[in-house]
>>> print(open('protein-v4.txt').read())   # compact mmCIF, C-alpha atoms
# COMPACT_ATOMS: atom_id res chain seq x y z
CA MET B 275 16.51 38.56 -33.71
CA THR B 276 15.98 35.60 -36.05
CA GLU B 277 12.46 34.14 -35.91
CA LEU B 278 12.36 30.39 -35.16
CA SER B 279 10.70 28.22 -37.77
CA GLN B 280 7.65 26.13 -36.84
CA ASP B 281 9.77 22.96 -36.89
CA GLN B 282 12.37 24.56 -34.61
CA LYS B 283 9.65 25.64 -32.17
CA LEU B 284 8.24 22.10 -32.15
CA GLN B 285 11.67 20.61 -31.52
CA GLN B 286 12.30 23.09 -28.72
CA LYS B 287 8.98 22.14 -27.12
CA LYS B 288 9.89 18.47 -27.25
CA GLN B 289 13.17 19.01 -25.39
CA PRO B 290 12.86 18.20 -21.68
CA GLN B 291 13.07 21.20 -19.42
CA GLN B 292 16.34 21.45 -17.53
CA GLN B 293 15.64 20.61 -13.93
CA ALA B 294 17.26 22.61 -11.16
CA ASP B 295 19.95 20.88 -9.10
CA GLN B 296 18.11 21.88 -5.91
CA VAL B 297 14.57 21.16 -4.75
CA ASP B 298 12.67 21.52 -1.53
CA ILE B 299 11.62 17.87 -1.27
CA ALA B 300 13.08 14.80 -2.99
CA ILE B 301 10.91 11.67 -2.81
CA VAL B 302 12.92 8.56 -3.66
CA GLY B 303 10.48 5.94 -4.92
CA ALA B 304 7.52 6.31 -7.27
CA GLY B 305 5.26 3.68 -5.73
CA MET B 306 1.79 4.27 -4.33
CA VAL B 307 2.97 5.83 -1.06
CA GLY B 308 5.64 8.09 -2.57
CA MET B 309 3.32 9.32 -5.33
CA THR B 310 0.54 9.96 -2.82
CA LEU B 311 2.83 12.16 -0.73
CA ALA B 312 3.96 14.05 -3.85
CA CYS B 313 0.37 14.75 -4.88
CA LEU B 314 -0.66 15.86 -1.37
CA LEU B 315 2.18 18.41 -1.38
CA ALA B 316 1.64 19.64 -4.93
CA ASP B 317 -0.21 22.83 -3.90
CA SER B 318 2.18 23.73 -1.08
CA GLY B 319 4.39 26.06 -3.10
CA LEU B 320 7.30 23.70 -2.44
CA THR B 321 9.20 22.09 -5.31
CA VAL B 322 8.77 18.32 -5.15
CA ARG B 323 10.80 15.88 -7.23
CA VAL B 324 9.94 12.20 -7.51
CA ILE B 325 13.00 10.07 -8.24
CA GLU B 326 12.35 6.75 -9.97
CA ALA B 327 15.01 4.11 -10.62
CA ARG B 328 13.19 2.83 -13.72
CA ASN B 329 13.97 4.63 -16.96
CA SER B 330 10.38 5.67 -17.77
CA ASP B 331 8.29 8.80 -17.99
CA ARG B 332 4.89 9.06 -16.35
CA GLU B 333 3.00 9.09 -19.65
CA SER B 334 4.47 5.75 -20.72
CA LEU B 335 3.74 4.22 -17.30
CA ILE B 336 0.10 5.32 -17.51
CA SER B 337 -0.18 3.89 -21.02
CA ALA B 338 1.37 0.58 -19.95
CA GLU B 339 -1.00 0.27 -16.99
CA GLN B 340 -4.08 1.05 -19.10
CA GLN B 341 -3.12 -1.40 -21.81
CA GLN B 342 -3.01 -4.20 -19.24
CA ARG B 343 -6.13 -3.47 -17.29
CA SER B 344 -8.58 -5.34 -19.55
CA ASP B 345 -6.34 -8.42 -19.70
CA ALA B 346 -5.08 -10.48 -16.76
CA PHE B 347 -5.47 -9.11 -13.27
CA ASP B 348 -2.49 -7.78 -11.36
CA ASN B 349 -1.50 -10.33 -8.71
CA ARG B 350 -0.72 -7.44 -6.36
CA VAL B 351 -3.91 -6.01 -4.87
CA SER B 352 -4.69 -3.88 -1.83
CA ALA B 353 -7.73 -3.85 0.44
CA LEU B 354 -8.15 -0.08 0.62
CA THR B 355 -9.99 1.30 3.62
CA ILE B 356 -12.38 4.26 3.57
CA ALA B 357 -9.57 6.35 5.12
CA SER B 358 -7.30 5.39 2.20
CA GLN B 359 -10.10 6.24 -0.22
CA GLN B 360 -10.32 9.72 1.32
CA ILE B 361 -6.55 10.20 1.02
CA LEU B 362 -6.62 9.16 -2.64
CA GLN B 363 -9.60 11.46 -3.17
CA SER B 364 -7.43 14.29 -1.85
CA THR B 365 -4.82 13.50 -4.52
CA SER B 366 -7.46 13.54 -7.31
CA ALA B 367 -6.55 9.90 -8.08
CA TRP B 368 -9.73 8.25 -6.75
CA PRO B 369 -12.11 9.46 -9.52
CA LEU B 370 -9.59 8.16 -12.08
CA MET B 371 -9.45 4.80 -10.29
CA GLN B 372 -13.25 4.56 -10.45
CA GLN B 373 -13.02 4.79 -14.24
CA MET B 374 -10.60 1.85 -14.28
CA ARG B 375 -11.21 -1.21 -12.11
CA ILE B 376 -12.07 -1.19 -8.40
CA THR B 377 -14.22 -3.66 -6.47
CA PRO B 378 -16.22 -2.62 -3.39
CA TYR B 379 -16.81 -5.28 -0.77
CA THR B 380 -19.74 -5.23 1.59
CA ARG B 381 -19.02 -8.24 3.81
CA MET B 382 -16.16 -10.10 5.49
CA ASP B 383 -16.44 -13.72 6.56
CA VAL B 384 -13.61 -14.97 8.79
CA TRP B 385 -13.47 -18.40 10.41
CA ASP B 386 -11.17 -20.77 12.24
CA GLY B 387 -10.50 -23.72 9.96
CA GLU B 388 -9.48 -25.84 12.97
CA GLY B 389 -12.53 -25.06 15.11
CA SER B 390 -15.98 -23.48 15.24
CA GLY B 391 -15.02 -19.82 15.64
CA ASN B 392 -16.60 -17.53 13.05
CA ILE B 393 -17.16 -13.80 12.64
CA GLN B 394 -18.92 -11.81 9.93
CA PHE B 395 -18.81 -8.09 9.24
CA ASN B 396 -21.49 -6.41 7.13
CA SER B 397 -21.52 -2.84 5.87
CA HIS B 398 -25.29 -2.59 6.40
CA GLU B 399 -24.82 -3.10 10.15
CA LEU B 400 -22.81 0.14 10.09
CA GLN B 401 -25.21 1.95 7.74
CA GLU B 402 -22.38 2.07 5.21
CA GLU B 403 -22.51 1.35 1.49
CA TYR B 404 -19.37 -0.82 1.67
CA LEU B 405 -16.52 -1.79 4.00
CA GLY B 406 -13.74 -0.93 1.55
CA HIS B 407 -12.41 -1.68 -1.93
CA ILE B 408 -10.10 -4.29 -3.42
CA VAL B 409 -7.92 -2.52 -5.99
CA GLU B 410 -5.07 -3.77 -8.14
CA ASN B 411 -1.89 -1.88 -7.28
CA ARG B 412 -1.27 -1.00 -10.92
CA VAL B 413 -4.67 0.74 -11.10
CA THR B 414 -3.85 2.92 -8.08
CA LEU B 415 -0.42 3.72 -9.53
CA ALA B 416 -1.77 4.59 -12.98
CA ALA B 417 -4.30 6.99 -11.43
CA LEU B 418 -1.66 8.66 -9.25
CA TYR B 419 0.67 9.09 -12.26
CA GLN B 420 -2.17 10.56 -14.28
CA ALA B 421 -3.22 12.93 -11.49
CA SER B 422 0.36 14.12 -11.02
CA LEU B 423 0.62 15.18 -14.68
CA ALA B 424 -1.75 18.06 -13.89
CA MET B 425 0.45 19.21 -10.99
CA PRO B 426 3.30 21.42 -12.29
CA ALA B 427 5.04 21.49 -8.89
CA ILE B 428 5.86 17.76 -9.20
CA GLU B 429 9.07 17.14 -11.13
CA TRP B 430 9.93 13.68 -12.45
CA GLN B 431 13.44 12.19 -12.53
CA SER B 432 13.66 8.66 -13.89
CA GLY B 433 16.49 6.21 -14.50
CA SER B 434 18.35 7.52 -11.45
CA ARG B 435 19.91 5.04 -9.04
CA LEU B 436 20.79 6.63 -5.71
CA THR B 437 24.33 5.83 -4.55
CA GLY B 438 25.02 8.41 -1.84
CA LEU B 439 23.25 10.61 0.70
CA SER B 440 25.05 13.25 2.72
CA GLU B 441 24.41 14.37 6.25
CA ILE B 442 22.56 17.66 6.64
CA GLU B 443 24.75 20.57 5.49
CA THR B 444 24.45 24.35 5.56
CA ASP B 445 24.54 25.92 2.09
CA ASN B 446 23.76 29.65 1.68
CA ASN B 447 21.99 29.63 5.04
CA GLN B 448 19.89 26.63 3.96
CA GLN B 449 19.86 23.21 5.59
CA LEU B 450 20.29 20.71 2.73
CA ARG B 451 21.22 17.13 1.96
CA THR B 452 23.04 16.07 -1.19
CA LEU B 453 21.86 13.03 -3.16
CA SER B 454 24.40 11.36 -5.46
CA PHE B 455 23.43 9.14 -8.39
CA ALA B 456 25.12 6.37 -10.34
CA ASP B 457 25.51 8.58 -13.42
CA GLY B 458 27.63 11.08 -11.45
CA SER B 459 24.89 13.72 -11.07
CA THR B 460 23.88 15.23 -7.73
CA LEU B 461 20.83 16.93 -6.28
CA LYS B 462 20.41 19.07 -3.18
CA ALA B 463 17.16 18.85 -1.20
CA GLY B 464 15.83 20.33 2.00
CA LEU B 465 14.03 17.09 2.80
CA VAL B 466 14.70 13.58 1.48
CA ILE B 467 11.90 11.01 1.70
CA ALA B 468 12.63 7.28 1.60
CA ALA B 469 9.64 5.74 -0.20
CA ASP B 470 11.52 3.02 -2.07
CA GLY B 471 10.04 -0.06 -0.44
CA ALA B 472 10.98 -2.75 2.04
CA MET B 473 14.56 -3.11 0.77
CA SER B 474 15.00 0.68 0.78
CA ASN B 475 18.44 1.76 -0.39
CA THR B 476 17.65 5.31 0.77
CA ARG B 477 16.98 4.12 4.31
CA ARG B 478 20.25 2.17 4.24
CA LEU B 479 22.21 5.22 3.06
CA ALA B 480 20.66 7.26 5.88
CA ASP B 481 21.83 4.55 8.32
CA LEU B 482 18.40 4.11 9.89
CA PRO B 483 18.50 1.03 12.20
CA MET B 484 15.91 -1.70 11.59
CA TRP B 485 14.31 -4.41 13.68
CA GLU B 486 13.37 -7.38 11.51
CA TRP B 487 12.57 -11.04 11.72
CA ASP B 488 11.27 -13.80 9.49
CA TYR B 489 7.61 -14.77 9.88
CA GLY B 490 8.39 -18.31 8.72
CA HIS B 491 5.73 -17.86 6.04
CA HIS B 492 5.66 -17.45 2.28
CA ALA B 493 2.62 -15.88 0.58
CA ILE B 494 1.28 -17.47 -2.59
CA VAL B 495 -0.55 -14.80 -4.61
CA THR B 496 -2.55 -15.09 -7.82
CA THR B 497 -6.04 -14.49 -9.24
CA VAL B 498 -8.51 -17.34 -9.64
CA LYS B 499 -11.98 -17.87 -11.07
CA VAL B 500 -14.69 -19.33 -8.83
CA ALA B 501 -17.95 -20.93 -9.90
CA ASP B 502 -20.25 -19.43 -7.26
CA GLY B 503 -18.94 -15.86 -7.44
CA HIS B 504 -17.26 -13.80 -4.74
CA GLN B 505 -20.53 -12.14 -3.55
CA HIS B 506 -18.60 -8.91 -2.87
CA THR B 507 -17.24 -10.62 0.22
CA CYS B 508 -13.71 -10.99 1.60
CA TRP B 509 -13.31 -14.59 2.73
CA GLN B 510 -10.56 -15.60 5.16
CA ARG B 511 -9.90 -18.99 6.72
CA PHE B 512 -7.33 -19.41 9.48
CA THR B 513 -5.50 -22.74 9.65
CA ASP B 514 -2.63 -23.90 11.85
CA ASP B 515 -0.40 -23.50 8.77
CA GLY B 516 -1.43 -19.90 8.03
CA PRO B 517 -4.35 -17.78 6.77
CA LEU B 518 -5.92 -18.04 3.30
CA ALA B 519 -7.81 -15.04 1.89
CA PHE B 520 -10.08 -14.82 -1.15
CA LEU B 521 -10.55 -11.14 -2.10
CA PRO B 522 -13.18 -10.06 -4.65
CA VAL B 523 -12.10 -8.46 -7.94
CA SER B 524 -14.34 -7.54 -10.86
CA ASP B 525 -13.48 -7.17 -14.54
CA LEU B 526 -15.14 -4.13 -16.10
CA ALA B 527 -14.28 -5.49 -19.55
CA VAL B 528 -16.58 -8.49 -19.02
CA SER B 529 -20.30 -8.13 -19.70
CA GLY B 530 -22.83 -10.20 -17.80
CA LYS B 531 -21.77 -12.06 -14.64
CA ASN B 532 -18.87 -10.09 -13.29
CA ASP B 533 -18.14 -11.49 -9.85
CA GLN B 534 -16.28 -14.71 -10.56
CA HIS B 535 -12.69 -13.62 -9.91
CA CYS B 536 -10.85 -13.50 -6.58
CA SER B 537 -7.34 -12.44 -5.72
CA ILE B 538 -5.92 -14.98 -3.30
CA VAL B 539 -3.24 -14.59 -0.64
CA TRP B 540 -2.26 -17.94 0.87
CA SER B 541 0.23 -17.54 3.72
CA THR B 542 1.81 -20.86 4.56
CA SER B 543 5.06 -22.55 5.54
CA PRO B 544 7.98 -22.33 3.07
CA ASP B 545 7.83 -26.10 2.42
CA HIS B 546 4.11 -26.05 1.70
CA ALA B 547 4.50 -22.95 -0.48
CA ALA B 548 7.21 -24.69 -2.51
CA GLU B 549 4.93 -27.69 -2.94
CA LEU B 550 2.02 -25.49 -4.08
CA MET B 551 4.26 -23.76 -6.63
CA THR B 552 5.11 -27.10 -8.27
CA LEU B 553 1.46 -28.12 -8.84
CA ASP B 554 -0.13 -27.75 -12.24
CA ASP B 555 -3.07 -25.34 -12.47
CA ASP B 556 -5.75 -28.01 -12.08
CA ALA B 557 -4.13 -29.52 -8.98
CA PHE B 558 -3.57 -26.07 -7.51
CA CYS B 559 -7.25 -25.19 -8.03
CA ARG B 560 -8.29 -28.42 -6.27
CA ALA B 561 -5.96 -27.60 -3.37
CA LEU B 562 -7.55 -24.14 -3.09
CA GLU B 563 -11.07 -25.57 -3.12
CA HIS B 564 -10.15 -27.89 -0.27
CA ALA B 565 -8.38 -25.15 1.72
CA ILE B 566 -11.32 -22.72 1.48
CA GLU B 567 -13.74 -25.57 2.30
CA GLY B 568 -15.65 -25.12 -0.96
CA ARG B 569 -17.26 -21.86 0.20
CA LEU B 570 -17.14 -20.37 -3.33
CA GLY B 571 -17.81 -23.52 -5.34
CA ASN B 572 -15.29 -24.95 -7.77
CA VAL B 573 -12.11 -23.00 -8.48
CA THR B 574 -12.14 -23.24 -12.27
CA ALA B 575 -9.00 -21.34 -13.39
CA ALA B 576 -5.87 -19.68 -12.02
CA GLN B 577 -3.46 -17.08 -13.34
CA PRO B 578 0.31 -17.63 -12.98
CA ARG B 579 1.16 -17.57 -9.28
CA MET B 580 4.07 -16.12 -7.36
CA SER B 581 5.56 -16.88 -3.94
CA VAL B 582 6.81 -14.08 -1.68
CA PRO B 583 8.75 -14.65 1.59
CA LEU B 584 7.28 -12.67 4.48
CA ARG B 585 9.36 -10.67 6.93
CA GLN B 586 8.43 -8.09 9.51
CA ARG B 587 10.55 -4.94 9.50
CA HIS B 588 10.36 -1.78 11.53
CA ALA B 589 12.71 1.19 11.63
CA SER B 590 13.73 2.10 15.17
CA ARG B 591 13.15 5.71 14.15
CA TYR B 592 11.51 7.25 11.10
CA VAL B 593 13.22 10.64 10.91
CA GLN B 594 16.47 12.56 11.00
CA ALA B 595 17.14 16.21 10.20
CA GLY B 596 16.12 16.60 6.56
CA PHE B 597 15.07 12.95 6.22
CA ALA B 598 11.96 10.79 6.73
CA ALA B 599 10.98 7.21 5.85
CA ILE B 600 7.41 6.28 4.90
CA GLY B 601 5.50 3.15 3.91
CA ASP B 602 7.40 -0.10 3.48
CA ALA B 603 10.70 1.77 3.78
CA ALA B 604 9.75 2.30 7.45
CA HIS B 605 7.73 -0.86 8.24
CA THR B 606 6.34 -4.07 6.79
CA ILE B 607 3.80 -6.40 8.42
CA HIS B 608 2.13 -9.75 7.78
CA PRO B 609 -0.50 -9.42 4.99
CA LEU B 610 -3.20 -11.37 6.85
CA ALA B 611 -5.35 -8.24 7.44
CA GLY B 612 -4.35 -6.42 4.25
CA GLN B 613 -3.28 -3.31 6.16
CA GLY B 614 0.22 -2.70 4.73
CA VAL B 615 -0.64 -0.17 2.01
CA ASN B 616 -3.23 1.52 4.24
CA LEU B 617 -0.56 2.16 6.87
CA GLY B 618 1.73 3.61 4.20
CA LEU B 619 -0.96 5.95 2.87
CA LEU B 620 -1.62 7.16 6.42
CA ASP B 621 2.13 7.79 6.77
CA ALA B 622 2.00 9.97 3.65
CA ALA B 623 -1.10 11.83 4.84
CA VAL B 624 0.34 12.55 8.30
CA LEU B 625 3.73 13.66 6.96
CA ALA B 626 2.06 15.96 4.41
CA GLU B 627 -0.07 17.46 7.18
CA VAL B 628 2.96 18.01 9.44
CA ILE B 629 4.92 19.71 6.65
CA LEU B 630 2.03 21.94 5.55
CA ASP B 631 1.15 22.99 9.10
CA ALA B 632 4.78 23.81 9.92
CA GLN B 633 5.13 25.75 6.67
CA ALA B 634 1.98 27.76 7.47
CA ALA B 635 3.34 28.51 10.95
CA GLY B 636 6.67 29.72 9.56
CA GLU B 637 8.60 26.82 11.10
CA MET B 638 11.56 25.01 9.55
CA TRP B 639 9.47 22.15 8.20
CA GLN B 640 12.49 19.94 7.35
CA SER B 641 13.93 20.14 10.88
CA GLU B 642 14.15 17.02 13.01
CA TYR B 643 12.07 18.78 15.66
CA VAL B 644 9.14 19.20 13.25
CA LEU B 645 9.53 15.79 11.61
CA HIS B 646 9.33 14.12 15.02
CA ARG B 647 5.63 15.06 15.02
CA TYR B 648 5.15 12.67 12.12
CA GLN B 649 7.12 9.95 13.92
CA ARG B 650 5.12 10.41 17.14
CA GLN B 651 1.81 10.04 15.32
CA ARG B 652 2.72 7.10 13.12
CA GLN B 653 5.35 4.92 14.80
CA GLY B 654 3.15 3.91 17.72
CA GLU B 655 0.17 3.18 15.46
CA ASN B 656 2.29 1.10 13.09
CA LEU B 657 3.90 -0.84 15.95
CA LYS B 658 0.46 -1.52 17.43
CA MET B 659 -0.74 -2.95 14.12
CA ALA B 660 2.45 -5.02 13.75
CA ALA B 661 1.98 -6.43 17.26
CA SER B 662 -1.66 -7.30 16.49
CA MET B 663 -0.68 -9.17 13.33
CA GLU B 664 2.04 -11.05 15.20
CA GLY B 665 -0.45 -11.94 17.93
CA PHE B 666 -3.01 -13.22 15.43
CA LYS B 667 -0.38 -15.29 13.66
CA ARG B 668 0.81 -16.88 16.91
CA LEU B 669 -2.71 -17.45 18.23
CA PHE B 670 -3.85 -19.33 15.13
CA ALA B 671 -0.56 -21.18 14.63
CA THR B 672 -0.83 -23.15 17.86
CA ASP B 673 -2.42 -26.60 18.19
CA ALA B 674 -2.70 -26.35 21.98
CA ALA B 675 -6.21 -27.04 23.24
CA VAL B 676 -6.62 -24.02 25.55
CA PRO B 677 -5.58 -21.30 23.01
CA ARG B 678 -7.72 -23.01 20.36
CA LEU B 679 -10.76 -23.00 22.69
CA LEU B 680 -10.17 -19.36 23.68
CA ARG B 681 -9.84 -18.11 20.11
CA ASN B 682 -13.01 -19.92 19.00
CA VAL B 683 -15.03 -18.71 21.98
CA GLY B 684 -13.62 -15.20 21.50
CA MET B 685 -14.53 -15.02 17.81
CA SER B 686 -18.05 -16.31 18.41
CA LEU B 687 -18.58 -13.97 21.38
CA MET B 688 -17.42 -10.93 19.38
CA ASN B 689 -19.71 -11.91 16.53
CA LYS B 690 -22.66 -11.82 18.95
CA THR B 691 -21.65 -8.46 20.47
CA PRO B 692 -22.41 -5.76 17.88
CA MET B 693 -21.03 -2.90 19.97
CA ILE B 694 -17.55 -4.45 20.18
CA LYS B 695 -17.61 -5.86 16.66
CA ASN B 696 -18.68 -2.59 15.05
CA HIS B 697 -16.08 -0.62 17.01
CA VAL B 698 -13.34 -2.95 15.75
CA VAL B 699 -14.48 -2.80 12.14
CA GLN B 700 -14.94 1.00 12.20
CA GLN B 701 -11.34 1.41 13.28
CA ALA B 702 -10.17 -1.04 10.62
CA MET B 703 -12.14 0.89 7.97
CA GLY B 704 -10.61 4.20 8.99
CA LEU B 705 -13.90 5.68 10.24
CA SER B 706 -12.64 6.41 13.75
CA GLY B 707 -9.45 7.08 15.64
CA ASN B 708 -6.88 9.86 15.35
CA LEU B 709 -6.89 10.35 11.58
CA PRO B 710 -5.04 13.05 9.63
CA ARG B 711 -7.31 15.54 7.92
CA PHE B 712 -6.61 14.10 4.46
CA ALA B 713 -8.10 10.78 5.65
CA ARG B 714 -11.25 12.17 7.22
CA ARG B 715 -14.60 12.32 5.56
CA SER B 716 -15.75 15.86 4.85
>>> encode(input="protein-v4.txt", output="structure tokens")
Amino acid sequence: MTELSQDQKLQQKKQPQQQADQVDIAIVGAGMVGMTLACLLADSGLTVRVIEARNSDRESLISAEQQQRSDAFDNRVSALTIASQQILQSTSAWPLMQQMRITPYTRMDVWDGEGSGNIQFNSHELQEEYLGHIVENRVTLAALYQASLAMPAIEWQSGSRLTGLSEIETDNNQQLRTLSFADGSTLKAGLVIAADGAMSNTRRLADLPMWEWDYGHHAIVTTVKVADGHQHTCWQRFTDDGPLAFLPVSDLAVSGKNDQHCSIVWSTSPDHAAELMTLDDDAFCRALEHAIEGRLGNVTAAQPRMSVPLRQRHASRYVQAGFAAIGDAAHTIHPLAGQGVNLGLLDAAVLAEVILDAQAAGEMWQSEYVLHRYQRQRQGENLKMAASMEGFKRLFATDAAVPRLLRNVGMSLMNKTPMIKNHVVQQAMGLSGNLPRFARRS
């Protein structure tokens, strides 16, 4: 046999390994929720392939994220709960995130801009170090990509646009679905996961019915600089036009005072949002100062802003035989409480737990019977959160005297009743309730 030269060996090493045309689990979508599920399943013995429409490898995505992190902030941030932190700890991503840029917050200050109602939450009242963390989405993604590189069970398929999804079929005594791609290739999988966002093509191909309606709001998002600092506090003012949130972010690349940036989410009517988008930066900063009632001093600078229309969506069911939808592919809610990503991470944690427990019990983990356990645990919780957000929006959108009086009295009464207030905030933090094991503190 002819010995390969060193150059030939190097070239052979550089060639991508041929991936099998069949896997146990195909996750369509390489966002935070899809990557979290992949990492949670990496030690299961199942083959997991993440399918990404972008034509990129994980190494280049990590590099791109890291190159940006000392420059401008990502406009897309998430208020991660302690439950979400535990889930990301289980994926090995959290320690990597801590080396990048995360901002703990210790207080929340919420008030009715059209009345006297006010409520504050403080981590010290709960004997906790913090209430949660504000994290740029690109930081979470970069850490998940990096963590997944050390997990050989996770395969990566990029530049693949899904065009077809078969019903469940029997092939060599296996229950499989066939995924078809725009380049003519196909893939068979025992379980297909839709994790490709609110406009999920995978969910559409699976013909999963959706309930959806327009909130009548657009969200203006950007990062601003404030003179008095964010004080590691989440600030939220409710107005009859929509809620405005200032969320603390810190720049590790800056020495000295490091608390002067906030990510803002301003939910308002489409007409007002359009007006805000036309303002120059100075006028926009003045409008923000007025809207937040000057609580953080002058707003001295703003990054480029974007406007996002808000819609509520909810799949009437999350699962079929050999198929499940998670995260925004299954549900989207109003961002006023910052719970969207947290709900998606809980979806991933519950589905991983259901699959692993069924596998350990020798059950057919991709069967509709087993997958219904995931739907039972998550659909009700997600609907409850969606209903709460809708209720809050309607309650604060009205000018009627009686609802306004009730909401102000209610907020002030809750603020003076620690037992009720602490119970509410503990649930919001993911410290209580029926949590999957990946989300529980050890």
>>> residues_around(input="protein-v4.txt", residues="B:Leu436", least_positions_apart="3", cutoff="7 Å", atoms="only C-alpha atoms", output="PyMOL selection string")
chain B and resi 453-456
>>> closest_residue(input="protein-v4.txt", among="B:Phe597, B:Phe512, B:Phe347, B:Tyr648", to="B:Ala468", atoms="all atoms listed in the file")
B:Phe597
>>> closest_residue(input="protein-v4.txt", among="B:Ala519, B:Ala557, B:Leu550, B:Val593", to="B:Leu570", atoms="all atoms listed in the file")
B:Ala519
>>> atom_distance(input="protein-v4.txt", atom1="atom CA of B:Met693", atom2="atom CA of B:Glu399")
10.5 Å
>>> residues_around(input="protein-v4.txt", residues="B:Glu642", least_positions_apart="4", cutoff="6 Å", atoms="all atoms listed in the file", output="JSON, numbers by chain")
{"B": [594, 595, 646]}
>>> residues_around(input="protein-v4.txt", residues="stretch 629-634 of chain B", least_positions_apart="4", cutoff="12 Å", atoms="only C-alpha atoms", output="VMD selection string")
chain B and resid 298 to 299 311 to 312 314 to 320 464 to 465 596 598 622 to 625 638 to 648 710 to 712
>>> closest_residue(input="protein-v4.txt", among="B:Asp602, B:Asp502, B:Glu486, B:Asp470", to="B:Val324", atoms="all atoms listed in the file")
B:Asp470
>>> residues_near_point(input="protein-v4.txt", point="(-2.7, -15.0, -2.5)", cutoff="12 Å", atoms="only C-alpha atoms", output="ChimeraX atom specification")
/B:348-352,492-498,509-510,516-522,536-542,547,550-551,562,576-582,609-610,612
